[in-house]
>>> print(open('data_20.pdb').read())   # PDB, C-alpha atoms
MODEL        1
ATOM      1  CA  GLY A 165      31.334 177.312 173.980
ATOM      2  CA  LEU A 166      28.221 175.806 175.485
ATOM      3  CA  SER A 167      26.174 179.000 175.477
ATOM      4  CA  SER A 168      22.962 179.008 173.472
ATOM      5  CA  MET A 169      22.306 182.714 173.966
ATOM      6  CA  GLU A 170      23.930 183.719 170.687
ATOM      7  CA  ASN A 171      21.425 181.734 168.594
ATOM      8  CA  SER A 172      18.367 181.712 170.794
ATOM      9  CA  ASN A 173      16.064 181.794 167.799
ATOM     10  CA  LYS A 174      17.039 178.215 166.956
ATOM     11  CA  LYS A 175      14.960 175.613 168.738
ATOM     12  CA  ALA A 176      17.805 173.062 168.671
ATOM     13  CA  ASP A 177      19.875 175.367 170.898
ATOM     14  CA  PHE A 178      17.834 174.288 173.913
ATOM     15  CA  VAL A 179      18.067 170.532 173.337
ATOM     16  CA  VAL A 180      20.342 168.267 175.386
ATOM     17  CA  HIS A 181      21.370 164.633 174.975
ATOM     18  CA  ILE A 182      21.066 162.468 178.106
ATOM     19  CA  SER A 183      22.699 159.030 178.145
ATOM     20  CA  GLU A 184      22.917 156.139 180.632
ATOM     21  CA  ILE A 185      19.283 156.401 181.748
ATOM     22  CA  PRO A 186      18.022 153.209 183.465
ATOM     23  CA  THR A 187      15.286 151.511 181.448
ATOM     24  CA  MET A 188      12.683 151.805 184.198
ATOM     25  CA  VAL A 189      12.746 155.611 183.886
ATOM     26  CA  LYS A 190       9.754 156.945 181.923
ATOM     27  CA  GLU A 191       9.165 160.273 180.178
ATOM     28  CA  ALA A 192       7.021 161.409 183.089
ATOM     29  CA  ASP A 193       9.902 160.701 185.503
ATOM     30  CA  ILE A 194      12.293 162.883 183.490
ATOM     31  CA  LYS A 195       9.774 165.720 183.333
ATOM     32  CA  ALA A 196       9.101 165.487 187.075
ATOM     33  CA  TYR A 197      12.848 165.422 187.853
ATOM     34  CA  PHE A 198      13.632 168.658 186.013
ATOM     35  CA  LYS A 199      10.484 170.307 187.326
ATOM     36  CA  ASP A 200      11.697 169.542 190.847
ATOM     37  CA  LYS A 201      15.388 170.393 190.331
ATOM     38  CA  LEU A 202      15.137 173.382 187.974
ATOM     39  CA  GLY A 203      11.497 174.450 188.198
ATOM     40  CA  CYS A 204      11.016 174.182 184.447
ATOM     41  CA  ASP A 205       8.871 172.205 182.019
ATOM     42  CA  VAL A 206      10.668 170.125 179.389
ATOM     43  CA  ARG A 207       9.635 168.284 176.246
ATOM     44  CA  ILE A 208      10.987 164.788 175.559
ATOM     45  CA  GLY A 209      11.918 164.462 171.903
ATOM     46  CA  HIS A 210      13.236 160.896 172.075
ATOM     47  CA  LEU A 211      13.533 158.221 174.752
ATOM     48  CA  LYS A 212      15.054 155.109 173.205
ATOM     49  CA  PRO A 213      16.956 152.003 174.379
ATOM     50  CA  VAL A 214      20.660 151.695 173.574
ATOM     51  CA  LYS A 215      21.629 149.509 170.610
ATOM     52  CA  ASN A 216      22.798 146.600 172.757
ATOM     53  CA  LYS A 217      19.471 145.226 174.007
ATOM     54  CA  GLU A 218      21.173 143.278 176.798
ATOM     55  CA  ILE A 219      22.179 146.521 178.533
ATOM     56  CA  PRO A 220      19.267 148.015 180.562
ATOM     57  CA  LEU A 221      19.974 151.617 179.557
ATOM     58  CA  GLN A 222      18.350 154.194 177.318
ATOM     59  CA  TRP A 223      19.048 157.698 176.032
ATOM     60  CA  ALA A 224      16.924 160.792 175.519
ATOM     61  CA  ARG A 225      16.810 164.144 173.784
ATOM     62  CA  VAL A 226      15.243 166.744 176.033
ATOM     63  CA  ASP A 227      14.116 170.226 174.956
ATOM     64  CA  PHE A 228      14.368 172.855 177.713
ATOM     65  CA  ARG A 229      12.518 175.425 175.564
ATOM     66  CA  THR A 230      14.216 178.534 176.982
ATOM     67  CA  PRO A 231      17.881 179.592 177.022
ATOM     68  CA  GLU A 232      17.762 180.209 180.761
ATOM     69  CA  ALA A 233      16.523 176.682 181.583
ATOM     70  CA  TYR A 234      19.006 175.208 179.116
ATOM     71  CA  GLU A 235      21.967 177.034 180.661
ATOM     72  CA  ARG A 236      20.955 175.957 184.166
ATOM     73  CA  ALA A 237      20.679 172.331 183.040
ATOM     74  CA  ILE A 238      24.189 172.443 181.542
ATOM     75  CA  GLU A 239      25.662 174.069 184.653
ATOM     76  CA  GLU A 240      23.747 172.302 187.433
ATOM     77  CA  GLN A 241      22.555 168.962 186.045
ATOM     78  CA  ARG A 242      25.411 167.452 184.066
ATOM     79  CA  PHE A 243      24.879 164.192 185.947
ATOM     80  CA  PRO A 244      21.155 163.844 186.721
ATOM     81  CA  SER A 245      20.133 161.027 189.050
ATOM     82  CA  PHE A 246      16.739 159.751 187.910
ATOM     83  CA  VAL A 247      17.142 156.637 190.065
ATOM     84  CA  PRO A 248      18.737 156.976 193.529
ATOM     85  CA  GLY A 249      22.332 155.776 193.500
ATOM     86  CA  THR A 250      22.739 156.120 189.712
ATOM     87  CA  SER A 251      24.231 158.817 187.525
ATOM     88  CA  SER A 252      23.198 159.669 183.955
ATOM     89  CA  ARG A 253      25.106 162.067 181.687
ATOM     90  CA  LEU A 254      23.655 165.286 180.237
ATOM     91  CA  LEU A 255      25.433 166.895 177.279
ATOM     92  CA  PRO A 256      24.612 169.630 174.759
ATOM     93  CA  ASN A 257      23.112 168.080 171.636
ATOM     94  CA  ASP A 258      26.350 168.710 169.780
ATOM     95  CA  ARG A 259      27.892 165.976 167.622
ATOM     96  CA  GLU A 260      31.412 167.228 168.329
ATOM     97  CA  ILE A 261      30.908 166.945 172.095
ATOM     98  CA  ILE A 262      28.949 163.675 172.068
ATOM     99  CA  SER A 263      31.345 161.980 169.629
ATOM    100  CA  LYS A 264      33.712 159.431 171.198
ATOM    101  CA  ASP A 265      36.087 159.359 168.212
ATOM    102  CA  ILE A 266      38.232 162.452 168.840
ATOM    103  CA  ALA A 267      41.119 160.667 170.512
ATOM    104  CA  GLU A 268      43.380 163.725 170.815
ATOM    105  CA  LYS A 269      40.944 165.445 173.201
ATOM    106  CA  ASN A 270      40.487 162.402 175.436
ATOM    107  CA  VAL A 271      42.521 160.929 178.264
ATOM    108  CA  PHE A 272      42.106 157.437 179.688
ATOM    109  CA  VAL A 273      41.968 157.234 183.497
ATOM    110  CA  LYS A 274      42.430 153.945 185.374
ATOM    111  CA  GLY A 275      42.874 152.869 188.967
ATOM    112  CA  LEU A 276      39.701 154.615 190.119
ATOM    113  CA  ASP A 277      38.295 153.572 193.489
ATOM    114  CA  LYS A 278      35.120 151.747 192.437
ATOM    115  CA  ALA A 279      33.191 152.787 195.525
ATOM    116  CA  ARG A 280      34.213 156.451 195.349
ATOM    117  CA  TYR A 281      34.255 157.552 191.711
ATOM    118  CA  ASP A 282      31.210 157.958 189.527
ATOM    119  CA  ASN A 283      30.810 160.346 186.565
ATOM    120  CA  GLU A 284      30.456 163.466 188.693
ATOM    121  CA  GLU A 285      33.388 162.646 190.987
ATOM    122  CA  LEU A 286      35.613 162.055 187.949
ATOM    123  CA  PHE A 287      34.491 165.404 186.516
ATOM    124  CA  ASP A 288      35.237 167.188 189.796
ATOM    125  CA  LEU A 289      38.702 165.607 189.911
ATOM    126  CA  PHE A 290      39.732 166.942 186.483
ATOM    127  CA  LYS A 291      37.783 170.215 186.051
ATOM    128  CA  GLN A 292      40.627 172.144 187.725
ATOM    129  CA  PHE A 293      42.864 171.350 184.732
ATOM    130  CA  GLY A 294      40.673 172.795 181.975
ATOM    131  CA  LEU A 295      37.248 172.920 180.302
ATOM    132  CA  ILE A 296      35.708 169.456 180.041
ATOM    133  CA  ASP A 297      33.276 168.563 177.270
ATOM    134  CA  ALA A 298      32.381 165.161 178.683
ATOM    135  CA  CYS A 299      33.535 162.493 181.087
ATOM    136  CA  LYS A 300      32.462 158.958 181.839
ATOM    137  CA  VAL A 301      33.210 156.178 184.296
ATOM    138  CA  SER A 302      32.874 152.762 182.657
ATOM    139  CA  LYS A 303      30.275 150.607 184.402
ATOM    140  CA  THR A 304      28.719 147.179 184.265
ATOM    141  CA  VAL A 305      24.949 147.512 184.534
ATOM    142  CA  LYS A 306      22.275 144.837 184.808
ATOM    143  CA  LEU A 307      18.790 144.095 186.071
ATOM    144  CA  ASP A 308      18.555 141.588 188.909
ATOM    145  CA  ASN A 309      14.938 140.708 189.809
ATOM    146  CA  ASN A 310      13.894 144.060 188.326
ATOM    147  CA  LYS A 311      16.448 145.856 190.513
ATOM    148  CA  PHE A 312      18.849 148.104 188.593
ATOM    149  CA  ILE A 313      22.478 147.414 189.518
ATOM    150  CA  SER A 314      25.355 149.616 188.368
ATOM    151  CA  GLN A 315      28.968 148.796 189.257
ATOM    152  CA  SER A 316      32.074 150.767 188.334
ATOM    153  CA  ASN A 317      34.774 149.013 186.312
ATOM    154  CA  GLY A 318      37.484 151.211 187.860
ATOM    155  CA  TYR A 319      38.377 153.213 184.750
ATOM    156  CA  GLY A 320      36.966 156.065 182.709
ATOM    157  CA  PHE A 321      37.505 158.811 180.137
ATOM    158  CA  VAL A 322      37.779 162.595 180.266
ATOM    159  CA  LYS A 323      37.258 164.629 177.096
ATOM    160  CA  PHE A 324      38.668 168.144 177.226
ATOM    161  CA  ASN A 325      37.562 171.122 175.167
ATOM    162  CA  ASN A 326      40.736 171.025 173.082
ATOM    163  CA  LYS A 327      43.547 168.583 172.333
ATOM    164  CA  GLU A 328      46.257 170.907 173.681
ATOM    165  CA  LYS A 329      44.732 170.753 177.145
ATOM    166  CA  ALA A 330      44.489 166.945 176.973
ATOM    167  CA  LYS A 331      48.165 166.770 175.991
ATOM    168  CA  GLU A 332      49.111 169.078 178.859
ATOM    169  CA  VAL A 333      47.236 166.900 181.357
ATOM    170  CA  LEU A 334      48.965 163.781 180.038
ATOM    171  CA  GLU A 335      52.422 165.331 180.270
ATOM    172  CA  SER A 336      52.316 167.320 183.496
ATOM    173  CA  VAL A 337      49.416 166.502 185.819
ATOM    174  CA  LYS A 338      50.216 164.530 188.964
ATOM    175  CA  LEU A 339      47.278 163.494 191.127
ATOM    176  CA  ASP A 340      47.374 163.100 194.905
ATOM    177  CA  ASP A 341      46.064 159.539 194.646
ATOM    178  CA  PRO A 342      49.011 157.375 193.440
ATOM    179  CA  ASP A 343      46.644 154.586 192.349
ATOM    180  CA  ILE A 344      45.052 156.754 189.645
ATOM    181  CA  VAL A 345      46.927 156.633 186.327
ATOM    182  CA  ILE A 346      46.352 158.963 183.344
ATOM    183  CA  GLU A 347      47.172 157.559 179.921
ATOM    184  CA  PRO A 348      46.556 158.474 176.263
ATOM    185  CA  TYR A 349      43.146 157.487 174.957
ATOM    186  CA  LEU A 350      43.433 154.427 172.746
ATOM    187  CA  LYS A 351      40.449 152.563 171.345
ATOM    188  CA  GLU A 352      41.835 149.214 172.423
ATOM    189  CA  LYS A 353      41.930 150.482 176.029
ATOM    190  CA  LYS A 354      38.242 151.267 176.156
ATOM    191  CA  LYS A 355      37.439 147.838 177.467
ATOM    192  CA  PRO A 356      40.320 145.938 179.054
ATOM    193  CA  LEU A 357      40.301 142.216 178.463
ATOM    194  CA  PRO A 358      39.211 140.156 181.442
ATOM    195  CA  ASN A 359      41.955 138.564 183.532
ATOM    196  CA  ASN A 360      39.681 135.623 184.307
ATOM    197  CA  LEU A 361      40.344 132.428 182.330
ATOM    198  CA  TYR A 362      37.824 129.648 181.762
ATOM    199  CA  ILE A 363      39.278 126.114 181.781
ATOM    200  CA  LYS A 364      37.720 122.757 180.962
ATOM    201  CA  ASN A 365      38.624 119.304 179.553
ATOM    202  CA  PHE A 366      40.351 118.072 182.716
ATOM    203  CA  SER A 367      39.707 114.967 184.808
ATOM    204  CA  ASN A 368      37.407 114.952 187.814
ATOM    205  CA  ASP A 369      40.272 114.454 190.266
ATOM    206  CA  VAL A 370      41.674 117.897 189.434
ATOM    207  CA  ASP A 371      41.070 120.486 192.175
ATOM    208  CA  GLU A 372      42.046 124.114 192.854
ATOM    209  CA  ASN A 373      45.526 123.119 194.020
ATOM    210  CA  VAL A 374      46.256 121.270 190.776
ATOM    211  CA  LEU A 375      45.131 124.223 188.656
ATOM    212  CA  ARG A 376      47.203 126.575 190.787
ATOM    213  CA  GLY A 377      50.252 124.419 190.187
ATOM    214  CA  ILE A 378      49.689 124.638 186.427
ATOM    215  CA  PHE A 379      49.032 128.378 186.167
ATOM    216  CA  GLU A 380      50.860 130.134 189.026
ATOM    217  CA  LYS A 381      54.105 130.301 187.044
ATOM    218  CA  TYR A 382      52.540 132.948 184.790
ATOM    219  CA  GLY A 383      51.815 135.479 187.538
ATOM    220  CA  GLU A 384      49.955 136.260 190.741
ATOM    221  CA  ILE A 385      46.567 134.534 190.973
ATOM    222  CA  THR A 386      43.757 136.295 192.842
ATOM    223  CA  SER A 387      41.243 133.428 192.802
ATOM    224  CA  ILE A 388      40.725 129.863 191.590
ATOM    225  CA  LYS A 389      37.480 127.952 191.473
ATOM    226  CA  VAL A 390      36.632 124.428 190.268
ATOM    227  CA  MET A 391      32.978 123.584 189.626
ATOM    228  CA  GLU A 392      30.950 120.672 188.290
ATOM    229  CA  ASP A 393      28.357 120.759 185.541
ATOM    230  CA  PRO A 394      25.318 118.970 187.042
ATOM    231  CA  ALA A 395      24.101 117.907 183.591
ATOM    232  CA  SER A 396      27.305 116.178 182.476
ATOM    233  CA  SER A 397      29.103 115.688 185.836
ATOM    234  CA  LYS A 398      32.193 117.123 184.143
ATOM    235  CA  LYS A 399      34.357 119.635 185.953
ATOM    236  CA  PHE A 400      35.386 123.093 184.759
ATOM    237  CA  GLY A 401      37.163 125.951 186.436
ATOM    238  CA  TYR A 402      38.196 129.595 186.534
ATOM    239  CA  VAL A 403      41.619 131.080 187.179
ATOM    240  CA  CYS A 404      41.732 134.835 187.747
ATOM    241  CA  PHE A 405      45.084 136.664 187.520
ATOM    242  CA  LYS A 406      45.873 139.997 189.120
ATOM    243  CA  GLU A 407      47.492 141.363 185.961
ATOM    244  CA  ASP A 408      46.377 141.081 182.352
ATOM    245  CA  ASP A 409      49.921 140.303 181.183
ATOM    246  CA  ALA A 410      49.872 137.135 183.290
ATOM    247  CA  ALA A 411      46.512 136.072 181.878
ATOM    248  CA  ALA A 412      47.758 136.752 178.346
ATOM    249  CA  ALA A 413      50.878 134.642 178.935
ATOM    250  CA  ALA A 414      48.866 131.736 180.308
ATOM    251  CA  LEU A 415      46.455 131.991 177.400
ATOM    252  CA  GLU A 416      49.266 132.027 174.852
ATOM    253  CA  MET A 417      50.744 128.807 176.248
ATOM    254  CA  HIS A 418      47.449 126.941 176.660
ATOM    255  CA  GLU A 419      45.056 128.574 174.208
ATOM    256  CA  SER A 420      42.735 126.118 172.495
ATOM    257  CA  PRO A 421      40.657 126.587 169.351
ATOM    258  CA  VAL A 422      37.100 127.728 169.892
ATOM    259  CA  TYR A 423      35.964 124.331 168.657
ATOM    260  CA  PRO A 424      38.346 122.112 170.687
ATOM    261  CA  TYR A 425      38.158 118.715 169.016
ATOM    262  CA  SER A 426      41.730 118.009 170.056
ATOM    263  CA  GLU A 427      42.530 116.633 173.494
ATOM    264  CA  GLY A 428      44.073 118.696 176.276
ATOM    265  CA  LEU A 429      43.067 121.681 178.371
ATOM    266  CA  TYR A 430      40.619 124.140 176.863
ATOM    267  CA  VAL A 431      41.617 127.637 177.990
ATOM    268  CA  GLN A 432      39.889 130.851 176.971
ATOM    269  CA  ARG A 433      39.118 134.277 178.369
ATOM    270  CA  HIS A 434      35.952 134.137 180.442
ATOM    271  CA  LEU A 435      33.485 136.148 178.365
ATOM    272  CA  LYS A 436      29.878 137.170 178.744
ATOM    273  CA  LYS A 437      27.400 135.004 176.869
ATOM    274  CA  SER A 438      26.832 137.619 174.144
ATOM    275  CA  ALA A 439      30.571 138.167 173.589
ATOM    276  CA  ARG A 440      31.207 134.414 173.517
ATOM    277  CA  ARG A 441      28.435 133.936 170.949
ATOM    278  CA  ASP A 442      29.914 136.651 168.718
ATOM    279  CA  LEU A 443      33.356 135.054 168.985
ATOM    280  CA  LEU A 444      31.987 131.638 168.066
ATOM    281  CA  GLN A 445      30.192 133.028 165.044
ATOM    282  CA  LYS A 446      33.277 134.857 163.797
ATOM    283  CA  GLN A 447      35.497 131.852 164.408
ATOM    284  CA  TYR A 448      33.025 129.517 162.722
ATOM    285  CA  LYS A 449      33.019 131.653 159.579
ATOM    286  CA  LYS A 450      36.812 131.780 159.511
ATOM    287  CA  GLN A 451      37.409 128.068 160.088
ATOM    288  CA  ASN A 452      34.869 126.529 157.740
ATOM    289  CA  LEU A 453      35.273 125.990 154.017
ATOM    290  CA  PHE A 454      32.272 125.233 151.796
ATOM    291  CA  VAL A 455      32.983 122.807 148.944
ATOM    292  CA  ARG A 456      30.580 121.708 146.207
ATOM    293  CA  ASN A 457      30.373 120.317 142.651
ATOM    294  CA  PHE A 458      32.205 117.078 143.396
ATOM    295  CA  SER A 459      31.290 113.549 142.357
ATOM    296  CA  GLU A 460      28.744 111.564 144.390
ATOM    297  CA  ASP A 461      31.296 108.825 145.061
ATOM    298  CA  VAL A 462      33.638 111.223 146.902
ATOM    299  CA  THR A 463      33.722 110.390 150.640
ATOM    300  CA  GLU A 464      34.505 112.488 153.697
ATOM    301  CA  LYS A 465      37.842 110.678 153.926
ATOM    302  CA  ASP A 466      38.631 111.715 150.349
ATOM    303  CA  LEU A 467      37.977 115.355 151.224
ATOM    304  CA  ARG A 468      40.086 115.108 154.375
ATOM    305  CA  ASP A 469      42.981 113.592 152.426
ATOM    306  CA  LEU A 470      42.672 116.273 149.750
ATOM    307  CA  PHE A 471      42.692 119.263 152.109
ATOM    308  CA  SER A 472      44.935 118.016 154.954
ATOM    309  CA  GLN A 473      47.993 119.336 153.106
ATOM    310  CA  PHE A 474      46.865 122.874 153.993
ATOM    311  CA  GLY A 475      46.620 122.412 157.752
ATOM    312  CA  THR A 476      44.997 120.528 160.620
ATOM    313  CA  ILE A 477      41.355 119.647 159.901
ATOM    314  CA  LEU A 478      38.953 119.534 162.809
ATOM    315  CA  ASN A 479      35.888 118.167 161.064
ATOM    316  CA  VAL A 480      34.628 117.117 157.621
ATOM    317  CA  LYS A 481      30.975 116.710 156.739
ATOM    318  CA  ILE A 482      29.266 115.911 153.431
ATOM    319  CA  LEU A 483      25.716 117.215 153.300
ATOM    320  CA  THR A 484      22.977 116.216 150.867
ATOM    321  CA  LYS A 485      19.673 117.694 149.876
ATOM    322  CA  THR A 486      16.741 116.603 147.746
ATOM    323  CA  VAL A 487      16.250 118.519 144.499
ATOM    324  CA  ASP A 488      13.273 118.279 142.134
ATOM    325  CA  PHE A 489      14.336 117.825 138.514
ATOM    326  CA  GLY A 490      11.070 118.113 136.578
ATOM    327  CA  GLY A 491       9.200 115.696 138.807
ATOM    328  CA  GLU A 492      12.189 113.418 139.456
ATOM    329  CA  THR A 493      13.853 113.784 142.859
ATOM    330  CA  ARG A 494      17.545 113.150 143.356
ATOM    331  CA  GLU A 495      19.934 113.276 146.329
ATOM    332  CA  ILE A 496      22.872 115.516 145.426
ATOM    333  CA  SER A 497      25.999 116.521 147.328
ATOM    334  CA  GLN A 498      26.357 120.145 148.300
TER     335      GLN A 498
ENDMDL
END
>>> encode(input="data_20.pdb", output="structure tokens")
Amino acid sequence: GLSSMENSNKKADFVVHISEIPTMVKEADIKAYFKDKLGCDVRIGHLKPVKNKEIPLQWARVDFRTPEAYERAIEEQRFPSFVPGTSSRLLPNDREIISKDIAEKNVFVKGLDKARYDNEELFDLFKQFGLIDACKVSKTVKLDNNKFISQSNGYGFVKFNNKEKAKEVLESVKLDDPDIVIEPYLKEKKKPLPNNLYIKNFSNDVDENVLRGIFEKYGEITSIKVMEDPASSKKFGYVCFKEDDAAAAALEMHESPVYPYSEGLYVQRHLKKSARRDLLQKQYKKQNLFVRNFSEDVTEKDLRDLFSQFGTILNVKILTKTVDFGGETREISQ
């Protein structure tokens, strides 16, 4: 259970873990919040940013010092709001509860009304079905001119106290809202792929109607936009599908390599800058082969001819560097 009364002589019993705290919140703000809401003094053990530095969130460990204050925090402040309009998550400092890796205890919930459901509303929706260790609505958060913005992604997770209860909810619970769907928790479902495709490498006379004609056969399109890069005057566009299956089908038929040296449409999922950078780095490592210890008279054409039997080659480059051999410098191939 969540009670700390049984082991009140252990200081750790009164410590909670609070996640999803906006970065502008300071230790003094957290202390003032709990003083106002619960009438107690707390000690902040840690207040640290999340690992992904691009996300303006932090987490804290807070010591409530007494079992009474701790119990009230667990019961009354599971979703503290340090910044108006936002919701953090307060959990016992218990690895089993905080852990996200116990799939059997979790259910995946999608189709949530983005304007209606935050963490607390999701908790209230499912608490009637059994004891809940933790729940979370997935959000996209950012800072815009120092203003904290948090937007629901329309899906979330509910972690029950035991796997039997999670299984029962999956098999028998029917919610009043037909748009809300409960599914088994799968790691690949934690972050659905975007349905928005990024397209480039087309002529400047192509407009939204032309792109629609190319892509509408794969499924319903919710929006199309063609834009122009002011630096190069080249056009690019976005096609957003209603369903992921449609986006996946369009991508499968038109997908281009990350380094598109070949002609034709370049089509990829529209990703955030950080995700795109990671993809490029992974793809670069997979696609490139480092070759050395060949004769100086070998040319790039020779290397292309030698390796073309294994597949299509996008690029070949011979690099050289200057090496000091006991005072004598030579250009050698790498």
>>> closest_residue(input="data_20.pdb", among="A:Gly209, A:Gly275, A:Pro348, A:Gly294", to="Gly318 (chain A)", atoms="all atoms listed in the file")
A:Gly275
>>> resolve_selection(input="data_20.pdb", expression="the PyMOL selection byres ((chain A and resi 302-305) around 7)", output="VMD selection string")
chain A and resid 219 to 220 300 to 301 306 313 to 317 319 to 320
>>> write_last_selection(input="data_20.pdb", atoms="C-alpha atoms", output="mmCIF file, in the coordinates of the input")
data_model
loop_
_atom_site.group_PDB
_atom_site.id
_atom_site.type_symbol
_atom_site.label_atom_id
_atom_site.label_comp_id
_atom_site.auth_asym_id
_atom_site.auth_seq_id
_atom_site.Cartn_x
_atom_site.Cartn_y
_atom_site.Cartn_z
ATOM 1 C CA ILE A 219 22.179 146.521 178.533
ATOM 2 C CA PRO A 220 19.267 148.015 180.562
ATOM 3 C CA LYS A 300 32.462 158.958 181.839
ATOM 4 C CA VAL A 301 33.210 156.178 184.296
ATOM 5 C CA LYS A 306 22.275 144.837 184.808
ATOM 6 C CA ILE A 313 22.478 147.414 189.518
ATOM 7 C CA SER A 314 25.355 149.616 188.368
ATOM 8 C CA GLN A 315 28.968 148.796 189.257
ATOM 9 C CA SER A 316 32.074 150.767 188.334
ATOM 10 C CA ASN A 317 34.774 149.013 186.312
ATOM 11 C CA TYR A 319 38.377 153.213 184.750
ATOM 12 C CA GLY A 320 36.966 156.065 182.709
#
>>> residues_around(input="data_20.pdb", residues="Phe243 (chain A)", least_positions_apart="4", cutoff="9 Å", atoms="all atoms listed in the file", output="number ranges by chain")
A: 182, 251-254, 283-284
>>> resolve_selection(input="data_20.pdb", expression="the PyMOL selection byres ((chain A and resi 413) around 12)", output="PDB file with C-alpha atoms, keeping the file's coordinate frame")
ATOM      1  CA  ASN A 359      41.955 138.564 183.532  1.00  0.00           C
ATOM      2  CA  LEU A 361      40.344 132.428 182.330  1.00  0.00           C
ATOM      3  CA  PHE A 379      49.032 128.378 186.167  1.00  0.00           C
ATOM      4  CA  GLU A 380      50.860 130.134 189.026  1.00  0.00           C
ATOM      5  CA  LYS A 381      54.105 130.301 187.044  1.00  0.00           C
ATOM      6  CA  TYR A 382      52.540 132.948 184.790  1.00  0.00           C
ATOM      7  CA  GLY A 383      51.815 135.479 187.538  1.00  0.00           C
ATOM      8  CA  GLU A 384      49.955 136.260 190.741  1.00  0.00           C
ATOM      9  CA  PHE A 405      45.084 136.664 187.520  1.00  0.00           C
ATOM     10  CA  GLU A 407      47.492 141.363 185.961  1.00  0.00           C
ATOM     11  CA  ASP A 408      46.377 141.081 182.352  1.00  0.00           C
ATOM     12  CA  ASP A 409      49.921 140.303 181.183  1.00  0.00           C
ATOM     13  CA  ALA A 410      49.872 137.135 183.290  1.00  0.00           C
ATOM     14  CA  ALA A 411      46.512 136.072 181.878  1.00  0.00           C
ATOM     15  CA  ALA A 412      47.758 136.752 178.346  1.00  0.00           C
ATOM     16  CA  ALA A 414      48.866 131.736 180.308  1.00  0.00           C
ATOM     17  CA  LEU A 415      46.455 131.991 177.400  1.00  0.00           C
ATOM     18  CA  GLU A 416      49.266 132.027 174.852  1.00  0.00           C
ATOM     19  CA  MET A 417      50.744 128.807 176.248  1.00  0.00           C
ATOM     20  CA  HIS A 418      47.449 126.941 176.660  1.00  0.00           C
ATOM     21  CA  GLU A 419      45.056 128.574 174.208  1.00  0.00           C
ATOM     22  CA  VAL A 431      41.617 127.637 177.990  1.00  0.00           C
ATOM     23  CA  GLN A 432      39.889 130.851 176.971  1.00  0.00           C
ATOM     24  CA  ARG A 433      39.118 134.277 178.369  1.00  0.00           C
TER      25      ARG A 433
END
>>> resolve_selection(input="data_20.pdb", expression="the PyMOL selection byres ((chain A and resi 227-237) around 6)", output="PyMOL selection string")
chain A and resi 178-179+206-207+226+238-241
>>> atom_distance(input="data_20.pdb", atom1="CA of Glu268 (chain A)", atom2="CA of Leu295 (chain A)")
14.6 Å
>>> atom_distance(input="data_20.pdb", atom1="CA of Ser438 (chain A)", atom2="CA of Asp308 (chain A)")
17.4 Å
>>> closest_residue(input="data_20.pdb", among="A:Ser245, A:Ser396, A:Gln222, A:Asn360", to="Lys436 (chain A)", atoms="only C-alpha atoms")
A:Asn360
>>> atom_distance(input="data_20.pdb", atom1="CA of Asn452 (chain A)", atom2="CA of His434 (chain A)")
24.0 Å
>>> axis_aligned_box(input="data_20.pdb", around="region 235-251 of chain A", padding_each_side="5 Å", output="JSON")
{"center_x": 21.2, "center_y": 166.4, "center_z": 187.1, "size_x": 18.9, "size_y": 31.3, "size_z": 22.9}
>>> residues_around(input="data_20.pdb", residues="Asn326 (chain A)", least_positions_apart="4", cutoff="9 Å", atoms="all atoms listed in the file", output="CSV table (one decimal) with C-alpha atoms, in the coordinates of the input")
chain,number,residue,atom,x,y,z
A,268,GLU,CA,43.4,163.7,170.8
A,269,LYS,CA,40.9,165.4,173.2
A,270,ASN,CA,40.5,162.4,175.4
A,295,LEU,CA,37.2,172.9,180.3
A,296,ILE,CA,35.7,169.5,180.0
A,297,ASP,CA,33.3,168.6,177.3
A,330,ALA,CA,44.5,166.9,177.0
>>> residues_around(input="data_20.pdb", residues="Lys291 (chain A)", least_positions_apart="2", cutoff="12 Å", atoms="all atoms listed in the file", output="list in words")
Glu284, Glu285, Leu286, Phe287, Asp288, Leu289, Phe293, Gly294, Leu295, Ile296, Asp297, Ala298, Cys299, Val322, Lys323, Phe324, Asn325, Lys329, Ala330 and Val333 of chain A
